[in-house]
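Everything below belongs to final29.csv, which stores CSV, C-alpha atoms.
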```
chain,number,residue,atom,x,y,z
A,284,MET,CA,-20.2,-8.5,18.8
A,285,ASN,CA,-18.6,-8.4,22.2
A,286,ILE,CA,-14.9,-9.2,22.4
A,287,ARG,CA,-12.2,-9.2,25.1
A,288,ILE,CA,-8.6,-9.2,24.0
A,289,THR,CA,-6.4,-10.4,26.8
A,290,ALA,CA,-2.7,-10.0,27.5
A,291,ALA,CA,-1.8,-8.2,24.3
A,292,THR,CA,1.1,-5.8,24.1
A,293,LEU,CA,-0.1,-2.4,22.7
A,294,ILE,CA,2.0,-1.0,19.9
A,295,ASP,CA,0.9,2.6,19.5
A,296,ASP,CA,3.4,5.4,20.1
A,297,GLN,CA,0.5,7.9,20.6
A,298,HIS,CA,-0.9,5.9,23.5
A,299,ASP,CA,0.1,6.2,27.2
A,300,LEU,CA,0.2,2.4,27.5
A,301,ASN,CA,2.4,1.9,24.4
A,302,GLY,CA,4.6,-1.1,24.9
A,303,GLN,CA,2.6,-2.4,27.9
A,304,GLU,CA,0.5,-5.5,28.2
A,305,VAL,CA,-3.2,-4.7,28.2
A,306,CYS,CA,-6.7,-6.1,27.9
A,307,ILE,CA,-9.2,-4.4,25.6
A,308,ARG,CA,-13.0,-4.8,25.8
A,309,ILE,CA,-15.1,-4.2,22.7
A,310,LYS,CA,-18.9,-4.0,22.5
A,311,GLU,CA,-20.8,-3.6,19.3
A,312,GLY,CA,-17.7,-2.5,17.4
A,313,LYS,CA,-16.7,0.2,19.9
A,314,ILE,CA,-13.7,0.1,22.4
A,315,ILE,CA,-15.2,0.3,25.9
A,316,GLU,CA,-12.2,-0.3,28.2
A,317,ILE,CA,-8.4,-0.6,28.0
A,318,ALA,CA,-6.6,-1.7,31.2
A,319,PRO,CA,-3.9,-4.0,32.4
A,320,GLN,CA,-6.6,-6.5,33.6
A,321,LEU,CA,-10.3,-6.8,32.8
A,322,ALA,CA,-12.7,-9.2,34.4
A,323,ALA,CA,-14.6,-11.6,32.1
A,324,GLN,CA,-18.1,-10.8,31.2
A,325,GLU,CA,-20.8,-13.2,30.0
A,326,GLY,CA,-21.2,-13.6,26.3
A,327,GLU,CA,-17.7,-12.3,25.3
A,328,THR,CA,-15.6,-13.7,22.6
A,329,VAL,CA,-12.1,-14.0,24.1
A,330,ILE,CA,-9.0,-13.5,22.0
A,331,SER,CA,-5.8,-14.8,23.5
A,332,GLU,CA,-2.6,-15.7,21.7
A,333,THR,CA,1.0,-16.3,22.7
A,334,ASN,CA,3.1,-13.2,22.3
A,335,LEU,CA,0.0,-11.3,21.0
A,336,LYS,CA,0.5,-7.6,19.9
A,337,VAL,CA,-2.2,-5.2,18.9
A,338,SER,CA,-2.0,-1.9,16.9
A,339,ALA,CA,-4.3,0.4,15.1
A,340,GLY,CA,-5.5,-1.2,11.9
A,341,TRP,CA,-3.0,-1.2,9.0
A,342,PHE,CA,-3.7,0.6,5.7
A,343,ASP,CA,-2.4,-0.4,2.3
A,344,SER,CA,-2.1,2.6,-0.1
A,345,SER,CA,-1.6,0.6,-3.3
A,346,VAL,CA,-3.8,-2.4,-4.2
A,347,ASN,CA,-5.2,-3.7,-7.5
A,348,MET,CA,-8.4,-5.6,-7.3
A,349,GLY,CA,-9.1,-6.8,-10.9
A,350,GLU,CA,-12.8,-6.5,-10.6
A,351,PRO,CA,-14.6,-5.2,-12.6
A,352,GLY,CA,-13.2,-6.6,-15.8
A,353,HIS,CA,-10.5,-8.9,-14.6
A,354,GLU,CA,-12.2,-11.1,-12.1
A,355,GLU,CA,-10.0,-14.0,-13.2
A,356,ARG,CA,-7.1,-12.1,-11.5
A,357,GLU,CA,-8.9,-11.1,-8.3
A,358,THR,CA,-12.4,-10.3,-7.1
A,359,ILE,CA,-13.3,-7.6,-4.6
A,360,ALA,CA,-14.8,-10.2,-2.2
A,361,ASN,CA,-11.7,-12.4,-2.3
A,362,GLY,CA,-9.3,-9.4,-2.4
A,363,LEU,CA,-10.9,-8.0,0.8
A,364,GLN,CA,-10.4,-11.5,2.5
A,365,VAL,CA,-6.8,-11.4,1.4
A,366,ALA,CA,-6.4,-7.9,3.0
A,367,ALA,CA,-8.0,-9.0,6.2
A,368,LYS,CA,-5.8,-12.1,6.6
A,369,SER,CA,-2.8,-10.0,5.8
A,370,GLY,CA,-3.6,-7.6,8.7
A,371,PHE,CA,-5.1,-4.7,6.8
A,372,THR,CA,-8.3,-3.0,7.9
A,373,GLY,CA,-8.2,-0.5,5.0
A,374,ILE,CA,-7.0,-0.5,1.5
A,375,ALA,CA,-6.8,2.1,-1.3
A,376,ALA,CA,-7.8,0.4,-4.6
A,377,HIS,CA,-6.4,1.6,-7.9
A,378,PRO,CA,-8.7,2.5,-10.9
A,379,ASN,CA,-7.1,0.3,-13.5
A,380,THR,CA,-10.2,-1.9,-14.1
A,381,VAL,CA,-12.4,-2.4,-17.1
A,382,PRO,CA,-13.9,0.1,-17.4
A,383,ILE,CA,-11.5,2.5,-15.7
A,384,ILE,CA,-12.8,4.0,-12.5
A,385,ASP,CA,-13.1,7.6,-13.7
A,386,ASN,CA,-16.6,8.7,-12.7
A,387,ASN,CA,-19.0,8.9,-9.7
A,388,ALA,CA,-21.0,5.7,-10.7
A,389,SER,CA,-17.9,3.5,-11.0
A,390,VAL,CA,-16.6,4.7,-7.6
A,391,ARG,CA,-19.9,3.9,-6.0
A,392,TYR,CA,-19.8,0.5,-7.7
A,393,LEU,CA,-16.6,-0.3,-5.8
A,394,LYS,CA,-18.0,1.1,-2.6
A,395,ASP,CA,-21.2,-0.9,-2.9
A,396,ARG,CA,-19.3,-4.2,-3.7
A,397,ALA,CA,-17.2,-3.8,-0.6
A,398,ALA,CA,-20.0,-2.8,1.8
A,399,GLN,CA,-20.5,-4.8,4.9
A,400,HIS,CA,-17.0,-6.2,4.9
A,401,ALA,CA,-14.6,-5.8,7.8
A,402,VAL,CA,-12.0,-4.2,5.5
A,403,ASN,CA,-12.8,-0.7,4.3
A,404,LEU,CA,-12.1,-0.2,0.5
A,405,PHE,CA,-11.2,3.4,-0.4
A,406,PRO,CA,-11.3,3.9,-4.2
A,407,ILE,CA,-8.6,5.9,-6.0
A,408,GLY,CA,-10.2,7.6,-9.0
A,409,ALA,CA,-8.4,7.9,-12.3
A,410,LEU,CA,-6.8,11.3,-12.7
A,411,THR,CA,-7.6,11.5,-16.4
A,412,GLN,CA,-10.5,10.3,-18.4
A,413,GLY,CA,-10.0,6.6,-19.2
A,414,ALA,CA,-6.5,7.0,-17.7
A,415,ALA,CA,-5.5,8.2,-21.1
A,416,GLY,CA,-3.5,11.2,-19.8
A,417,ILE,CA,-5.3,13.8,-22.0
A,418,ASP,CA,-8.2,15.3,-20.1
A,419,LEU,CA,-8.9,15.5,-16.4
A,420,ALA,CA,-11.5,13.1,-15.1
A,421,GLU,CA,-14.6,14.1,-13.1
A,422,LEU,CA,-12.5,14.6,-9.9
A,423,TYR,CA,-15.1,16.4,-7.7
A,424,ASP,CA,-17.9,14.0,-8.7
A,425,MET,CA,-15.7,11.0,-7.8
A,426,HIS,CA,-14.8,12.7,-4.5
A,427,GLN,CA,-18.5,13.0,-3.8
A,428,GLY,CA,-18.9,9.3,-4.6
A,429,GLY,CA,-16.1,8.3,-2.1
A,430,ALA,CA,-12.8,8.5,-4.0
A,431,VAL,CA,-10.0,9.4,-1.6
A,432,ALA,CA,-7.3,10.3,-4.2
A,433,PHE,CA,-6.7,10.5,-7.9
A,434,GLY,CA,-4.1,8.9,-10.1
A,435,ASP,CA,-3.6,6.8,-13.2
A,436,TYR,CA,-1.9,3.5,-12.0
A,437,GLN,CA,1.6,3.2,-13.3
A,438,GLN,CA,0.9,5.9,-15.8
A,439,PRO,CA,2.9,9.2,-15.4
A,440,VAL,CA,1.3,12.5,-16.0
A,441,ASP,CA,3.2,13.4,-19.2
A,442,ASN,CA,1.7,16.8,-19.6
A,443,PRO,CA,3.0,19.2,-16.9
A,444,ASN,CA,0.1,21.6,-17.3
A,445,LEU,CA,-2.4,18.8,-16.6
A,446,LEU,CA,-0.7,18.1,-13.3
A,447,LYS,CA,-0.7,21.8,-12.5
A,448,LEU,CA,-4.4,22.1,-13.2
A,449,ALA,CA,-5.2,19.0,-11.1
A,450,LEU,CA,-3.2,20.2,-8.1
A,451,GLN,CA,-5.0,23.6,-8.3
A,452,TYR,CA,-8.5,22.1,-8.8
A,453,VAL,CA,-8.5,19.6,-6.0
A,454,GLN,CA,-7.6,22.3,-3.4
A,455,SER,CA,-11.2,23.3,-3.3
A,456,PHE,CA,-12.1,20.0,-1.6
A,457,ASP,CA,-8.6,19.1,-0.1
A,458,GLY,CA,-8.0,16.3,-2.7
A,459,LEU,CA,-4.9,14.2,-3.0
A,460,VAL,CA,-3.2,13.8,-6.4
A,461,LEU,CA,-1.0,10.8,-7.2
A,462,SER,CA,1.8,11.1,-9.8
A,463,PHE,CA,3.6,8.0,-10.9
A,464,PRO,CA,7.4,8.7,-10.9
A,465,GLN,CA,8.5,7.9,-14.4
A,466,THR,CA,9.4,9.9,-17.5
A,467,ASN,CA,8.3,7.7,-20.3
A,468,GLN,CA,10.6,9.4,-22.8
A,469,LEU,CA,13.6,8.2,-20.8
A,470,VAL,CA,12.3,4.7,-20.5
A,471,GLY,CA,12.0,3.9,-24.2
A,472,LYS,CA,11.9,0.1,-24.5
A,473,GLY,CA,13.5,-0.4,-21.1
A,474,MET,CA,12.0,-3.2,-18.9
A,475,VAL,CA,14.4,-3.5,-16.0
A,476,ASN,CA,16.9,-1.4,-14.0
A,477,GLU,CA,19.7,0.0,-16.1
A,478,GLY,CA,22.8,-1.7,-14.6
A,479,VAL,CA,25.1,-4.7,-14.8
A,480,PRO,CA,22.4,-7.4,-14.4
A,481,ALA,CA,20.4,-5.9,-17.4
A,482,THR,CA,23.6,-5.8,-19.5
A,483,ASN,CA,24.4,-9.4,-18.6
A,484,LEU,CA,20.9,-10.5,-19.5
A,485,GLY,CA,20.7,-8.5,-22.7
A,486,LEU,CA,17.7,-6.6,-21.5
A,487,LYS,CA,17.1,-2.9,-22.1
A,488,GLY,CA,17.4,-0.8,-19.0
A,489,ILE,CA,15.3,1.9,-17.3
A,490,PRO,CA,17.7,4.5,-15.9
A,491,ALA,CA,17.2,5.9,-12.4
A,492,LEU,CA,17.1,9.2,-14.2
A,493,ALA,CA,13.7,8.4,-15.5
A,494,GLU,CA,12.3,8.5,-12.0
A,495,SER,CA,14.2,11.5,-10.6
A,496,VAL,CA,13.5,13.8,-13.6
A,497,GLN,CA,9.8,13.2,-13.2
A,498,ILE,CA,9.8,13.7,-9.4
A,499,ALA,CA,11.9,16.9,-9.7
A,500,ARG,CA,9.4,18.3,-12.3
A,501,ASP,CA,6.4,17.3,-10.1
A,502,LEU,CA,7.9,18.9,-7.0
A,503,HIS,CA,8.6,22.2,-8.9
A,504,ILE,CA,4.9,22.2,-10.0
A,505,LEU,CA,3.7,21.5,-6.5
A,506,GLU,CA,5.8,24.4,-5.2
A,507,TYR,CA,4.1,26.6,-7.7
A,508,THR,CA,0.5,25.4,-7.2
A,509,GLY,CA,0.3,24.3,-3.6
A,510,GLY,CA,-2.0,21.4,-3.0
A,511,LYS,CA,-1.4,17.8,-1.9
A,512,LEU,CA,0.8,15.4,-3.9
A,513,HIS,CA,1.6,11.8,-3.2
A,514,ILE,CA,4.4,10.0,-5.1
A,515,PRO,CA,3.8,6.3,-5.1
A,516,THR,CA,6.3,3.4,-5.1
A,517,ILE,CA,9.6,5.3,-5.3
A,518,SER,CA,12.6,3.1,-6.0
A,519,THR,CA,15.8,5.2,-6.2
A,520,LYS,CA,18.2,7.0,-3.9
A,521,MET,CA,17.8,10.2,-5.9
A,522,ALA,CA,14.1,10.1,-5.4
A,523,VAL,CA,14.7,10.0,-1.6
A,524,SER,CA,17.0,13.0,-1.8
A,525,LEU,CA,14.5,15.0,-3.8
A,526,ILE,CA,11.6,14.3,-1.5
A,527,ARG,CA,13.7,14.9,1.6
A,528,GLU,CA,14.6,18.3,0.2
A,529,ALA,CA,11.0,19.1,-0.7
A,530,LYS,CA,9.8,18.3,2.7
A,531,ALA,CA,12.4,20.5,4.3
A,532,LYS,CA,11.0,23.3,2.2
A,533,GLY,CA,7.5,22.6,3.6
A,534,LEU,CA,5.9,21.2,0.5
A,535,ASN,CA,2.8,19.1,1.1
A,536,VAL,CA,4.2,15.9,-0.4
A,537,SER,CA,4.2,12.3,0.7
A,538,CYS,CA,5.6,9.1,-0.8
A,539,SER,CA,5.5,5.4,-0.5
A,540,VAL,CA,7.7,2.4,-1.3
A,541,ALA,CA,6.6,-1.0,-2.3
A,542,ILE,CA,7.7,-3.9,-0.1
A,543,ALA,CA,9.4,-5.7,-3.1
A,544,HIS,CA,11.8,-2.8,-3.6
A,545,LEU,CA,12.9,-3.0,0.0
A,546,PHE,CA,13.4,-6.7,-0.2
A,547,PHE,CA,14.9,-7.4,-3.6
A,548,THR,CA,17.4,-5.9,-6.1
A,549,ASP,CA,17.9,-6.3,-9.8
A,550,GLU,CA,20.2,-9.3,-9.0
A,551,ALA,CA,17.0,-11.3,-8.6
A,552,LEU,CA,16.5,-11.2,-12.4
A,553,ILE,CA,19.3,-13.6,-13.1
A,554,ASP,CA,17.0,-16.4,-14.4
A,555,PHE,CA,14.6,-14.2,-16.4
A,556,ASP,CA,12.0,-14.9,-13.8
A,557,THR,CA,9.0,-12.8,-14.7
A,558,ARG,CA,7.8,-12.7,-11.0
A,559,TYR,CA,10.5,-10.0,-10.6
A,560,LYS,CA,9.4,-7.9,-13.6
A,561,LEU,CA,8.0,-4.9,-11.7
A,562,LEU,CA,7.3,-1.3,-12.3
A,563,PRO,CA,9.2,0.7,-11.1
A,564,PRO,CA,11.9,-2.0,-11.8
A,565,LEU,CA,13.9,-3.5,-9.0
A,566,ARG,CA,16.9,-1.3,-8.5
A,567,ALA,CA,20.5,-1.7,-7.2
A,568,GLU,CA,21.6,-2.5,-3.7
A,569,GLU,CA,22.7,1.1,-3.0
A,570,ASP,CA,19.1,2.2,-3.8
A,571,ARG,CA,17.6,-0.5,-1.6
A,572,GLN,CA,19.8,0.6,1.3
A,573,GLU,CA,18.9,4.2,0.9
A,574,LEU,CA,15.2,3.4,0.8
A,575,ILE,CA,15.5,1.5,4.1
A,576,ALA,CA,17.4,4.4,5.6
A,577,ALA,CA,14.6,6.7,4.5
A,578,LEU,CA,12.0,4.6,6.2
A,579,LYS,CA,13.8,5.2,9.5
A,580,ASP,CA,14.3,9.0,9.2
A,581,GLY,CA,10.7,9.6,8.0
A,582,THR,CA,11.4,10.7,4.5
A,583,ILE,CA,9.3,7.8,3.2
A,584,ASP,CA,5.8,8.0,4.8
A,585,MET,CA,4.4,4.6,4.2
A,586,VAL,CA,5.1,1.1,3.0
A,587,CYS,CA,2.6,-0.4,0.6
A,588,SER,CA,2.2,-3.9,-0.9
A,589,ASP,CA,1.6,-2.6,-4.5
A,590,HIS,CA,-0.4,-5.8,-4.7
A,591,ASP,CA,-1.0,-6.6,-8.3
A,592,PRO,CA,-2.6,-10.0,-9.1
A,593,ILE,CA,-1.8,-11.1,-12.7
A,594,ASP,CA,-3.3,-14.2,-14.3
A,595,ILE,CA,-0.9,-16.9,-15.5
A,596,GLU,CA,-1.6,-16.2,-19.2
A,597,ASN,CA,-0.2,-12.7,-18.8
A,598,LYS,CA,2.7,-13.4,-16.4
A,599,LYS,CA,4.2,-16.8,-17.3
A,600,LEU,CA,5.5,-15.6,-20.7
A,601,GLU,CA,8.8,-14.6,-22.3
A,602,PHE,CA,10.2,-11.7,-20.2
A,603,ASP,CA,9.5,-9.1,-23.0
A,604,HIS,CA,5.8,-10.0,-23.1
A,605,ALA,CA,5.0,-10.6,-19.4
A,606,MET,CA,3.0,-8.0,-17.5
A,607,TYR,CA,4.6,-6.0,-14.7
A,608,GLY,CA,3.5,-6.8,-11.1
A,609,THR,CA,3.6,-9.1,-8.1
A,610,ILE,CA,1.2,-10.1,-5.4
A,611,ALA,CA,2.6,-9.0,-2.0
A,612,GLN,CA,-0.1,-8.0,0.5
A,613,GLU,CA,0.1,-11.3,2.3
A,614,VAL,CA,3.8,-10.9,3.0
A,615,THR,CA,4.1,-7.1,3.5
A,616,PHE,CA,4.3,-7.0,7.3
A,617,LYS,CA,6.4,-10.2,7.5
A,618,ALA,CA,8.9,-9.1,4.9
A,619,LEU,CA,9.1,-5.6,6.4
A,620,LEU,CA,9.8,-7.1,9.9
A,621,THR,CA,12.9,-8.8,8.5
A,622,LEU,CA,14.3,-5.4,7.6
A,623,ILE,CA,13.3,-2.9,10.3
A,624,PRO,CA,12.2,-2.9,14.0
A,625,GLU,CA,8.6,-3.8,14.8
A,626,LYS,CA,7.6,-0.2,16.0
A,627,ASP,CA,8.8,1.2,12.7
A,628,ALA,CA,7.0,-1.4,10.7
A,629,VAL,CA,3.7,-0.7,12.5
A,630,ARG,CA,4.2,3.1,12.0
A,631,LEU,CA,4.8,2.7,8.3
A,632,LEU,CA,1.7,0.4,7.9
A,633,THR,CA,-0.6,2.8,9.7
A,634,ASN,CA,0.6,6.2,8.4
A,635,GLY,CA,-1.2,6.0,5.1
A,636,ARG,CA,-4.7,6.1,6.4
A,637,GLU,CA,-4.6,9.7,7.6
A,638,ARG,CA,-2.9,10.8,4.4
A,639,PHE,CA,-5.5,9.2,2.1
A,640,THR,CA,-8.7,9.3,4.2
A,641,GLY,CA,-8.1,12.2,6.5
A,642,VAL,CA,-8.9,10.0,9.5
A,643,LYS,CA,-6.3,8.6,11.8
A,644,SER,CA,-7.0,5.3,13.6
A,645,THR,CA,-7.1,5.8,17.3
A,646,ILE,CA,-7.0,3.2,20.0
A,647,ALA,CA,-9.1,4.7,22.8
A,648,ALA,CA,-12.2,4.1,24.9
A,649,GLY,CA,-15.3,5.4,23.1
A,650,LYS,CA,-13.7,5.0,19.6
A,651,PRO,CA,-14.6,2.4,17.0
A,652,ALA,CA,-12.4,-0.7,17.2
A,653,ASP,CA,-10.1,-0.8,14.2
A,654,LEU,CA,-7.3,-3.1,15.2
A,655,THR,CA,-4.7,-5.4,13.8
A,656,LEU,CA,-3.6,-8.4,15.9
A,657,PHE,CA,-0.2,-10.0,15.2
A,658,SER,CA,2.9,-11.4,16.7
A,659,SER,CA,6.5,-10.6,15.7
A,660,GLU,CA,8.0,-13.9,16.9
A,661,GLY,CA,8.7,-16.9,14.7
A,662,SER,CA,9.6,-17.3,11.1
A,663,THR,CA,8.3,-19.4,8.2
A,664,VAL,CA,9.2,-20.0,4.5
A,665,TYR,CA,6.5,-18.6,2.2
A,666,ILE,CA,5.2,-21.3,-0.1
A,667,LYS,CA,2.6,-21.5,-2.9
A,668,GLU,CA,0.0,-23.1,-0.6
A,669,ASP,CA,0.1,-20.0,1.6
A,670,ILE,CA,-1.1,-17.8,-1.2
A,671,LEU,CA,-4.7,-16.5,-0.7
A,672,SER,CA,-5.1,-14.5,-3.8
A,673,LYS,CA,-6.7,-15.9,-6.9
A,674,SER,CA,-3.4,-15.1,-8.8
A,675,LYS,CA,-0.1,-16.7,-7.8
A,676,ASN,CA,2.5,-14.3,-9.2
A,677,SER,CA,4.4,-13.8,-6.0
A,678,ALA,CA,8.1,-12.7,-6.0
A,679,PHE,CA,8.4,-13.8,-2.4
A,680,LEU,CA,7.9,-17.6,-2.8
A,681,GLY,CA,10.7,-19.5,-1.0
A,682,LYS,CA,11.7,-16.5,1.1
A,683,ARG,CA,11.9,-16.8,4.9
A,684,LEU,CA,9.7,-14.2,6.6
A,685,GLN,CA,9.1,-13.1,10.1
A,686,GLY,CA,6.0,-12.9,12.3
A,687,THR,CA,2.4,-14.0,12.3
A,688,ILE,CA,-0.9,-12.3,11.5
A,689,HIS,CA,-3.7,-13.3,13.9
A,690,GLY,CA,-6.5,-11.2,12.3
A,691,ILE,CA,-8.3,-7.9,12.4
A,692,ILE,CA,-11.2,-6.3,14.3
A,693,ALA,CA,-13.0,-3.7,12.2
A,694,ASN,CA,-16.6,-2.7,11.3
A,695,ASN,CA,-17.9,-4.7,14.3
A,696,GLN,CA,-16.3,-7.9,12.9
A,697,TRP,CA,-13.5,-10.2,14.0
A,698,LEU,CA,-11.8,-11.9,11.1
A,699,LYS,CA,-9.2,-14.5,12.2
A,700,ALA,CA,-6.3,-15.0,9.8
```
Represent the structure from my file as structure tokens, please.
Amino acid sequence: MNIRITAATLIDDQHDLNGQEVCIRIKEGKIIEIAPQLAAQEGETVISETNLKVSAGWFDSSVNMGEPGHEERETIANGLQVAAKSGFTGIAAHPNTVPIIDNNASVRYLKDRAAQHAVNLFPIGALTQGAAGIDLAELYDMHQGGAVAFGDYQQPVDNPNLLKLALQYVQSFDGLVLSFPQTNQLVGKGMVNEGVPATNLGLKGIPALAESVQIARDLHILEYTGGKLHIPTISTKMAVSLIREAKAKGLNVSCSVAIAHLFFTDEALIDFDTRYKLLPPLRAEEDRQELIAALKDGTIDMVCSDHDPIDIENKKLEFDHAMYGTIAQEVTFKALLTLIPEKDAVRLLTNGRERFTGVKSTIAAGKPADLTLFSSEGSTVYIKEDILSKSKNSAFLGKRLQGTIHGIIANNQWLKA
């Protein structure tokens, strides 16, 4: 496919033309030319939009697909369409399917189902067999099959020796270990953040301590073992402090925050609305503000959607019985843009690719075209009719969001949003 993007502002702080209006010519999936002006050529598809911006393709480090086992929530085919129309050219998919993705064959199944799509699916293999937290899964075999990281979704590594062994073992192939930041023994029967809203609602709370104790333990183990550790979806100011200190020591640790924890606080729980039942739970305003500050100073490496489609039978229930999770991929960029400047939003949506895959997207002549096209202007209210996912459990319904996604170019395909 031959494409010419015209009059697009380049958003890439590694490029000499960053912030300038450019034209980009793409032939058979490869960038051929980047210049302020490019003459038209026969047979080209021309992409031109008002206030058009272009950046390296965005990467989402926390996505749940449903398939296999929960196709009623989301299928791989539809999930990849959602990702494309949300501006993402790459996603890391969690292993919490049925069966759990904990061996080479199941990793290859995901890769095969996603083949030929514009969006690249990068499987996260389970860290333990069956995600049961007892024995390590076949990490190297999954790596050979295409797994880019290893972690049990929303399940902490309770056994510290297991985390120690995992961090030591994966160093032989430069693997990335995920450790969910929660100490189950401190959670008990808690469901929401421990604070005034929980007390007013009569709901049992999850203290911030449950997150910080686990992170402190994991960082001590990382300091002992070496290796690469990623802490997903942090939610507290203490987590930020611990990770900032660990990075200052030179530990090879990264972390992410889910867009919902930047946008909402536990005050959203006032009506027992299960759309706001998330894990980690929505925290207090002081935590939210510290998370936003940590985006700007680089302590938090990436923003993810933590996209988690849940069918209505498991979400629209009494609060105690409803499953955790919200769909958020479609609004991640637009919600983030209401909180931080455009250049920071793009950086936080592109950083994850190199950490998870080892390959950084580059906008340069001779390189494959892996691009996101968007605009930061304009705002709209997010409504149910906008939802592309098979599941409709969005915490962001009714919220005014910023910007527009125009589509992606990746794997020699142009998918318009």
Would you list the contacts of Ser588 (chain A) as a PyMOL selection string, taking every protein, DNA or RNA residue within 12 Å and counting all atoms listed in the file, but skipping same-chain residues closer than 3 positions in sequence? chain A and resi 341-347+365-366+369-371+374-376+515-516+539-546+585+591-592+608-619+631-632+677-679
Write out the residues from the selection above, keeping C-alpha atoms, as a compact mmCIF listing (two decimals), in the frame of the given file.
```
# COMPACT_ATOMS: atom_id res chain seq x y z
CA TRP A 341 -3.00 -1.20 9.00
CA PHE A 342 -3.70 0.60 5.70
CA ASP A 343 -2.40 -0.40 2.30
CA SER A 344 -2.10 2.60 -0.10
CA SER A 345 -1.60 0.60 -3.30
CA VAL A 346 -3.80 -2.40 -4.20
CA ASN A 347 -5.20 -3.70 -7.50
CA VAL A 365 -6.80 -11.40 1.40
CA ALA A 366 -6.40 -7.90 3.00
CA SER A 369 -2.80 -10.00 5.80
CA GLY A 370 -3.60 -7.60 8.70
CA PHE A 371 -5.10 -4.70 6.80
CA ILE A 374 -7.00 -0.50 1.50
CA ALA A 375 -6.80 2.10 -1.30
CA ALA A 376 -7.80 0.40 -4.60
CA PRO A 515 3.80 6.30 -5.10
CA THR A 516 6.30 3.40 -5.10
CA SER A 539 5.50 5.40 -0.50
CA VAL A 540 7.70 2.40 -1.30
CA ALA A 541 6.60 -1.00 -2.30
CA ILE A 542 7.70 -3.90 -0.10
CA ALA A 543 9.40 -5.70 -3.10
CA HIS A 544 11.80 -2.80 -3.60
CA LEU A 545 12.90 -3.00 0.00
CA PHE A 546 13.40 -6.70 -0.20
CA MET A 585 4.40 4.60 4.20
CA ASP A 591 -1.00 -6.60 -8.30
CA PRO A 592 -2.60 -10.00 -9.10
CA GLY A 608 3.50 -6.80 -11.10
CA THR A 609 3.60 -9.10 -8.10
CA ILE A 610 1.20 -10.10 -5.40
CA ALA A 611 2.60 -9.00 -2.00
CA GLN A 612 -0.10 -8.00 0.50
CA GLU A 613 0.10 -11.30 2.30
CA VAL A 614 3.80 -10.90 3.00
CA THR A 615 4.10 -7.10 3.50
CA PHE A 616 4.30 -7.00 7.30
CA LYS A 617 6.40 -10.20 7.50
CA ALA A 618 8.90 -9.10 4.90
CA LEU A 619 9.10 -5.60 6.40
CA LEU A 631 4.80 2.70 8.30
CA LEU A 632 1.70 0.40 7.90
CA SER A 677 4.40 -13.80 -6.00
CA ALA A 678 8.10 -12.70 -6.00
CA PHE A 679 8.40 -13.80 -2.40
```
Have a look at A:Ala491, A:Ile417, A:Met474, A:Leu422 and name the one nearest to Tyr452 (chain A); count all atoms listed in the file.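 The closest residue to Tyr452 (chain A) is A:Leu422.
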How close does region 566-659 of chain A get to region 523-529 of chain A? List, as JSON lines, each residue of region 566-659 of chain A within 8 Å, its nearest atom pair and the distance in Å to one decimal, counting all atoms listed in the file.
```
{"residue": "A:Glu573", "atom": "CA", "partner": "A:Val523", "partner_atom": "CA", "distance": 7.6}
{"residue": "A:Leu574", "atom": "CA", "partner": "A:Val523", "partner_atom": "CA", "distance": 7.0}
{"residue": "A:Ala577", "atom": "CA", "partner": "A:Val523", "partner_atom": "CA", "distance": 6.9}
{"residue": "A:Thr582", "atom": "CA", "partner": "A:Arg527", "partner_atom": "CA", "distance": 5.6}
{"residue": "A:Ile583", "atom": "CA", "partner": "A:Val523", "partner_atom": "CA", "distance": 7.6}
```
Taking 4 positions as the minimum chain separation for residues in the same chain, which residues sit within 8 Å of Arg566 (chain A) when counting only C-alpha atoms? Answer as a PyMOL selection string. chain A and resi 476+518-519+544+548-549+570-571
Residue neighbourhood region 510-513 of chain A, 12 Å, all atoms listed in the file, exclusion window fewer than 6 positions, as an MDAnalysis selection string: chainID A and resid 344:345 431:434 446:464 498 501:504 526 529:530 533:540 583:585 635 638:639
For Ala291 (chain A), the closest of A:Ala628, A:Leu671, A:Leu654, A:Ala360 counting all atoms listed in the file is A:Leu654
So, with only C-alpha atoms as the atoms that count, which of A:Trp697, A:Tyr507, A:Phe657, A:Tyr559 lies closest to Met606 (chain A)?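 Smallest distance to Met606 (chain A) is found for A:Tyr559.
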Please rebuild region 402-407 of chain A with N, CA and C atoms and return the result as a CSV table (one decimal), in the coordinates of the input.
```csv
chain,number,residue,atom,x,y,z
A,402,VAL,N,-13.0,-5.1,6.1
A,402,VAL,CA,-12.0,-4.2,5.5
A,402,VAL,C,-12.7,-3.1,4.8
A,403,ASN,N,-12.3,-1.9,5.0
A,403,ASN,CA,-12.8,-0.7,4.3
A,403,ASN,C,-12.0,-0.5,3.0
A,404,LEU,N,-12.8,-0.5,1.8
A,404,LEU,CA,-12.1,-0.2,0.5
A,404,LEU,C,-12.3,1.3,0.2
A,405,PHE,N,-11.2,2.0,-0.1
A,405,PHE,CA,-11.2,3.4,-0.4
A,405,PHE,C,-10.8,3.5,-1.9
A,406,PRO,N,-11.7,3.8,-2.8
A,406,PRO,CA,-11.3,3.9,-4.2
A,406,PRO,C,-10.4,5.1,-4.5
A,407,ILE,N,-9.4,4.8,-5.3
A,407,ILE,CA,-8.6,5.9,-6.0
A,407,ILE,C,-9.2,6.1,-7.4
```
